[in-house]
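The block underneath contains the structure these notes are about, expressed in structure tokens.
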Amino acid sequence: MVKILHTADWHVGRTIRGLSREDEHRAVLAEIAEIAAQEEVDLVLLAGDVFDAPAPSPIAEEIVYQALLALAETAPVVLVAGNHDSPGRLEAIAPLLRLGRVRVGAKISSEGILDFNAMATRVALVPFITKRGIIRAEQILNLDSSELRSEYIDRVQKIVRTLCAGMTADTVNVVLGHLMVKGGVTGGSERAVHLFDYAIPTNSFPGHFNYVALGHLHRPQRIPAPQPIWYAGSPLQLDFGEEKDRKAVMIVTAEPGLPAQVESRALNAGRKLKTLRGTLESLRDADVGEAYLRIELDDPYRVGLYDEVREIFPNAVDVKLRTQSAAAGARALGRIGRPPQELFADYLEGRSIKDERLNGLFAELLAEAQEAAS
Ligand SMILES: [Mn+2]
């Protein structure tokens with residue numbers, strides 16, 4: 001019997017409207033290390049988006065490496081790169097992390113299977129796979145978007161199947177991946193561009209596996225499938241789309257030949273995110289604790305209103321007047337559903353700029369941004 005702790009999407013370095021969350025990250029990662037120790041797990045799996053940005057700050061690095069070492073005091077740790085991580089950076093640090101019992105899957109590799117013989121456990125490593133990473137340039141030019149999508153899904157499936165080909169029923173087999181699987185529910189802060197278009201079906205995972213440990217979606221959830229396929233979710237509420245999420249890690253008990261048993265353990269160290277809507281008068285006595293607040297006011301604008309809000313709610317990080325957003329919404333309505341290239345052309349025309357090269361450069365930039373955002 002093998003006991004595993006599954007966590008994901010730490011996003012260390014993430015701020016909320018410019019405010020640091022370093023203290024919360026330290027606290028919640030310590031909470032995870034404590035759970036690992038209490039549960040006496042045999043293995044820790046971290047399913048990508050360790051950092052929030054590909055070039056993290058020294059403080060973010062310190063928080064992550066300390067947390068990894070704290071976890072490694074209990075059990076070996078395995079992590080894969082997510083779309084927010086820099087594979088090159090993680091690959092560079094991998095030999096040092098290995099000395100501290102932390103194994104890294106930074107890039108897809110034919111050696112992407114770890115054997116933990118002492119506990120008869122195999123882990124297939126599926127770091128995030130970019131569209132550019134597996135689709136050739138000429139295909140990007142010649143295929144339409146639905147063909148590109150099925151090409152991507154097909155290749156990701158092949159990669160997963162190839163990695164898992166050697167798995168047999170006499171070991172505990174786990175897939176550790178940062179990827180989008182069909183049937184998941186987003187929390188709203190995962191940069192949802194084309195998220196579901198590029199989701200792979202649950203039957204992509206071949207027969208002999210006991211558990212699929214995923215990262216990418218920030219809400220902890222089981223994917224509807226006969227076998228246990230789970231997103232651990234992020235340990236902190238990262239954005240207001242996640243207000244309802246109850247953050248957690250998964251404790252997974254597995255033995256060869258049987259689907260794993262999964263229990264979630266709640267994480268409580270992070271501050272909550274909360275949205276308040278109404279007039280300032282009606283909200284005045286709201287019980288908000290330590291939560292970061294998004295406040296949407298029905299009041300008409302008056303001088304000093306924002307100062308009043310901040311006085312009553314020092315933890316307000318986002319304050320809007322709904323009356324003003326309605327007006328802005330009406331202006332934006334005329335732009336809804338139109339492709340970015342067209343909007344850009346409008347913008348140029350509005351500024352009396354005529355230069356064909358700009359349209360080409362914009363298209364290039366857009367393709368790159370969509371790639372990076374997904
Ligand atoms: Mn993420």
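Please note that chains go A, B, ... in the order of the structure tokens, that every chain numbers its residues from 1, and that ligands are numbered from 1 in the order shown.
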
Quiz item: If you run DSSP on this backbone, which residues of range 180-327 of chain A come out as alpha helix (DSSP H), and could you give them as a list in words?
Solution: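 Going through range 180-327 of chain A, the alpha helix (DSSP H) residues come out as Leu280, Glu281, Ser282, Leu283, Leu305, Tyr306, Asp307, Glu308, Val309, Arg310, Glu311, Ile312, Arg322, Thr323, Gln324, Ser325, Ala326 and Ala327 of chain A.
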
Closest pair table for chain A residues within 8 Å of ligand 1, only C-alpha atoms and all ligand atoms, as a tab-separated table:
```
residue	atom	partner	partner_atom_place_in_ligand_line	distance
A:Ala8	CA	ligand 1	1 (Mn)	7.8
A:Asp9	CA	ligand 1	1 (Mn)	4.7
A:Trp10	CA	ligand 1	1 (Mn)	7.5
A:His11	CA	ligand 1	1 (Mn)	6.6
A:Gly48	CA	ligand 1	1 (Mn)	7.4
A:Asp49	CA	ligand 1	1 (Mn)	5.1
A:Asp52	CA	ligand 1	1 (Mn)	7.8
A:Gly82	CA	ligand 1	1 (Mn)	7.1
A:Asn83	CA	ligand 1	1 (Mn)	7.3
A:His84	CA	ligand 1	1 (Mn)	6.9
A:Glu190	CA	ligand 1	1 (Mn)	5.6
A:Gly215	CA	ligand 1	1 (Mn)	6.8
A:His216	CA	ligand 1	1 (Mn)	4.5
A:Leu217	CA	ligand 1	1 (Mn)	6.1
A:His218	CA	ligand 1	1 (Mn)	6.2
A:Ser234	CA	ligand 1	1 (Mn)	7.2
```

Residues as selected, C-alpha atoms, written as an mmCIF file, in the first residue's frame, can you do that?
```cif
data_model
loop_
_atom_site.group_PDB
_atom_site.id
_atom_site.type_symbol
_atom_site.label_atom_id
_atom_site.label_comp_id
_atom_site.auth_asym_id
_atom_site.auth_seq_id
_atom_site.Cartn_x
_atom_site.Cartn_y
_atom_site.Cartn_z
ATOM 1 C CA ALA A 8 -0.736 21.515 -7.625
ATOM 2 C CA ASP A 9 -0.871 25.083 -8.906
ATOM 3 C CA TRP A 10 1.023 26.749 -6.091
ATOM 4 C CA HIS A 11 1.590 29.855 -8.239
ATOM 5 C CA GLY A 48 2.811 22.019 -12.124
ATOM 6 C CA ASP A 49 2.457 25.808 -11.983
ATOM 7 C CA ASP A 52 3.409 32.048 -11.090
ATOM 8 C CA GLY A 82 3.088 23.774 -15.691
ATOM 9 C CA ASN A 83 2.354 26.410 -18.316
ATOM 10 C CA HIS A 84 3.408 29.159 -15.893
ATOM 11 C CA GLU A 190 -6.676 29.877 -15.218
ATOM 12 C CA GLY A 215 -2.725 20.377 -12.244
ATOM 13 C CA HIS A 216 -4.081 23.261 -14.386
ATOM 14 C CA LEU A 217 -7.570 23.830 -12.990
ATOM 15 C CA HIS A 218 -7.618 25.710 -9.707
ATOM 16 C CA SER A 234 -4.463 25.670 -6.018
#
```

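Restricting the calculation to only C-alpha atoms, the smallest distance between Glu73 in chain A and any of A:Val41, A:Ala254, A:Ala55, A:Leu366 is found for A:Val41.
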
Quiz prompt | Shell of 6 Å around range 269-280 of chain A, only C-alpha atoms, local chain residues under 2 positions omitted, as number ranges by chain | solution = A: 24, 27-28, 236, 243, 282-284, 291-299

Keeping only C-alpha atoms, take the residues you just selected and write them out as a short mmCIF file (atom, residue, chain, number, x, y, z; two decimals), in the first residue's frame.
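That gives us part-v2.cif:
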```cif
data_model
loop_
_atom_site.label_atom_id
_atom_site.label_comp_id
_atom_site.auth_asym_id
_atom_site.auth_seq_id
_atom_site.Cartn_x
_atom_site.Cartn_y
_atom_site.Cartn_z
CA GLU A 24 0.13 33.29 2.80
CA ALA A 27 1.88 29.54 5.62
CA VAL A 28 -0.09 27.32 3.29
CA LEU A 236 -4.78 29.62 -2.16
CA GLU A 243 -14.30 32.51 -3.94
CA SER A 282 -26.03 48.31 3.01
CA LEU A 283 -22.56 46.76 3.11
CA ARG A 284 -21.20 48.74 6.03
CA ALA A 291 -10.77 38.47 3.37
CA TYR A 292 -9.50 40.38 0.36
CA LEU A 293 -12.51 42.20 -1.00
CA ARG A 294 -13.89 43.05 -4.37
CA ILE A 295 -16.57 45.66 -3.87
CA GLU A 296 -19.16 46.53 -6.51
CA LEU A 297 -21.16 49.54 -5.44
CA ASP A 298 -24.63 50.60 -6.53
CA ASP A 299 -24.02 54.13 -5.26
#
```

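Distance annotation: of A:Glu62, A:Asp115, A:Asp197, A:Asp285, the residue with the minimal separation from Lys182 in chain A is A:Asp197; atom set is only C-alpha atoms.
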
Quiz item: Between CA of Gly13 in chain A and CA of Ala94 in chain A, what is the spacing in Å?
Solution: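 Answer for the CA of Ala94 in chain A to CA of Gly13 in chain A separation: 19.9 Å.
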
Test item: residues at most 7 Å from Ile113 in chain A, only C-alpha atoms, excluding those fewer than 3 positions along its chain, as a tab-separated table (two decimals) with N, CA and C atoms, in the first residue's frame:
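Resulting contents of selection06.tsv:
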```tsv
chain	number	residue	atom	x	y	z
A	122	ARG	N	5.24	3.51	-9.97
A	122	ARG	CA	5.75	4.19	-11.16
A	122	ARG	C	4.99	5.47	-11.39
A	123	VAL	N	5.74	6.49	-11.76
A	123	VAL	CA	5.11	7.79	-12.01
A	123	VAL	C	5.47	8.24	-13.43
A	124	ALA	N	4.45	8.44	-14.27
A	124	ALA	CA	4.68	8.97	-15.62
A	124	ALA	C	4.58	10.50	-15.57
A	125	LEU	N	5.59	11.17	-16.12
A	125	LEU	CA	5.67	12.63	-16.01
A	125	LEU	C	5.16	13.30	-17.28
A	163	LEU	N	4.27	6.93	-22.79
A	163	LEU	CA	4.89	6.96	-21.46
A	163	LEU	C	4.37	5.82	-20.59
```

Quiz item: Could you pull out all residues of range 9-242 of chain A with a DSSP call of strand (DSSP E or B) and give them as a PyMOL selection string?
Solution: chain A and resi 12+15-16+19-20+43-46+51+77-80+102-105+113-116+121-126+172-178+181+200+211-215+221-222+229-231

Self-check item: Pairwise distance for CA of Arg265 in chain A and CA of Leu79 in chain A, rounded to one decimal in Å
Solution: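 These atoms are spaced 19.7 Å apart.
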
Extract, using only C-alpha atoms, all DNA, RNA and protein residues at most 10 Å from Ile108 in chain A, discarding same-chain residues fewer than 5 positions from it, and format them as a PDB file with N, CA and C atoms, in the first residue's frame.
```pdb
ATOM      1  N   VAL A  80       6.164  18.306 -11.924  1.00  0.00           N
ATOM      2  CA  VAL A  80       6.271  18.569 -13.365  1.00  0.00           C
ATOM      3  C   VAL A  80       6.047  20.059 -13.599  1.00  0.00           C
ATOM      4  N   ALA A  81       6.537  20.553 -14.729  1.00  0.00           N
ATOM      5  CA  ALA A  81       6.366  21.960 -15.073  1.00  0.00           C
ATOM      6  C   ALA A  81       4.944  22.210 -15.575  1.00  0.00           C
ATOM      7  N   PRO A  87      10.283  25.662 -18.282  1.00  0.00           N
ATOM      8  CA  PRO A  87      10.878  24.323 -18.297  1.00  0.00           C
ATOM      9  C   PRO A  87      12.405  24.397 -18.211  1.00  0.00           C
ATOM     10  N   LEU A 125       5.590  11.169 -16.121  1.00  0.00           N
ATOM     11  CA  LEU A 125       5.670  12.627 -16.011  1.00  0.00           C
ATOM     12  C   LEU A 125       5.160  13.300 -17.281  1.00  0.00           C
ATOM     13  N   VAL A 126       4.110  14.092 -17.139  1.00  0.00           N
ATOM     14  CA  VAL A 126       3.552  14.805 -18.291  1.00  0.00           C
ATOM     15  C   VAL A 126       3.520  16.307 -18.005  1.00  0.00           C
ATOM     16  N   PRO A 127       4.696  16.968 -18.131  1.00  0.00           N
ATOM     17  CA  PRO A 127       4.693  18.422 -17.978  1.00  0.00           C
ATOM     18  C   PRO A 127       3.823  19.055 -19.062  1.00  0.00           C
ATOM     19  N   PHE A 128       3.489  20.320 -18.892  1.00  0.00           N
ATOM     20  CA  PHE A 128       2.615  21.002 -19.844  1.00  0.00           C
ATOM     21  C   PHE A 128       3.199  20.937 -21.253  1.00  0.00           C
ATOM     22  N   ILE A 129       2.334  20.649 -22.207  1.00  0.00           N
ATOM     23  CA  ILE A 129       2.768  20.545 -23.608  1.00  0.00           C
ATOM     24  C   ILE A 129       2.152  21.706 -24.381  1.00  0.00           C
ATOM     25  N   GLY A 133       4.901  23.226 -29.153  1.00  0.00           N
ATOM     26  CA  GLY A 133       5.844  22.171 -28.829  1.00  0.00           C
ATOM     27  C   GLY A 133       5.644  20.918 -29.657  1.00  0.00           C
ATOM     28  N   ILE A 159       1.541  10.711 -26.592  1.00  0.00           N
ATOM     29  CA  ILE A 159       2.623  10.889 -25.608  1.00  0.00           C
ATOM     30  C   ILE A 159       2.271  10.165 -24.310  1.00  0.00           C
ATOM     31  N   VAL A 160       1.044  10.387 -23.841  1.00  0.00           N
ATOM     32  CA  VAL A 160       0.626   9.763 -22.581  1.00  0.00           C
ATOM     33  C   VAL A 160       0.668   8.242 -22.716  1.00  0.00           C
ATOM     34  N   LEU A 163       4.273   6.927 -22.788  1.00  0.00           N
ATOM     35  CA  LEU A 163       4.888   6.957 -21.456  1.00  0.00           C
ATOM     36  C   LEU A 163       4.374   5.816 -20.588  1.00  0.00           C
TER      37      LEU A 163
END
```

Self-check item: Option closest in space to Lys158 in chain A, from A:Ile93, A:Arg219, A:Pro235, A:Asn203 [counting only C-alpha atoms]
Solution: A:Asn203

Practice problem: For Ala363 in chain A, list every protein, DNA or RNA residue within 9 Å, evaluated using only C-alpha atoms, and leave out those in the same chain fewer than 4 positions away; present the list as a list in words. | Solution: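 The residues satisfying every condition are Pro340, Gln341, Leu358, Asn359, Ala367 and Glu368 of chain A.
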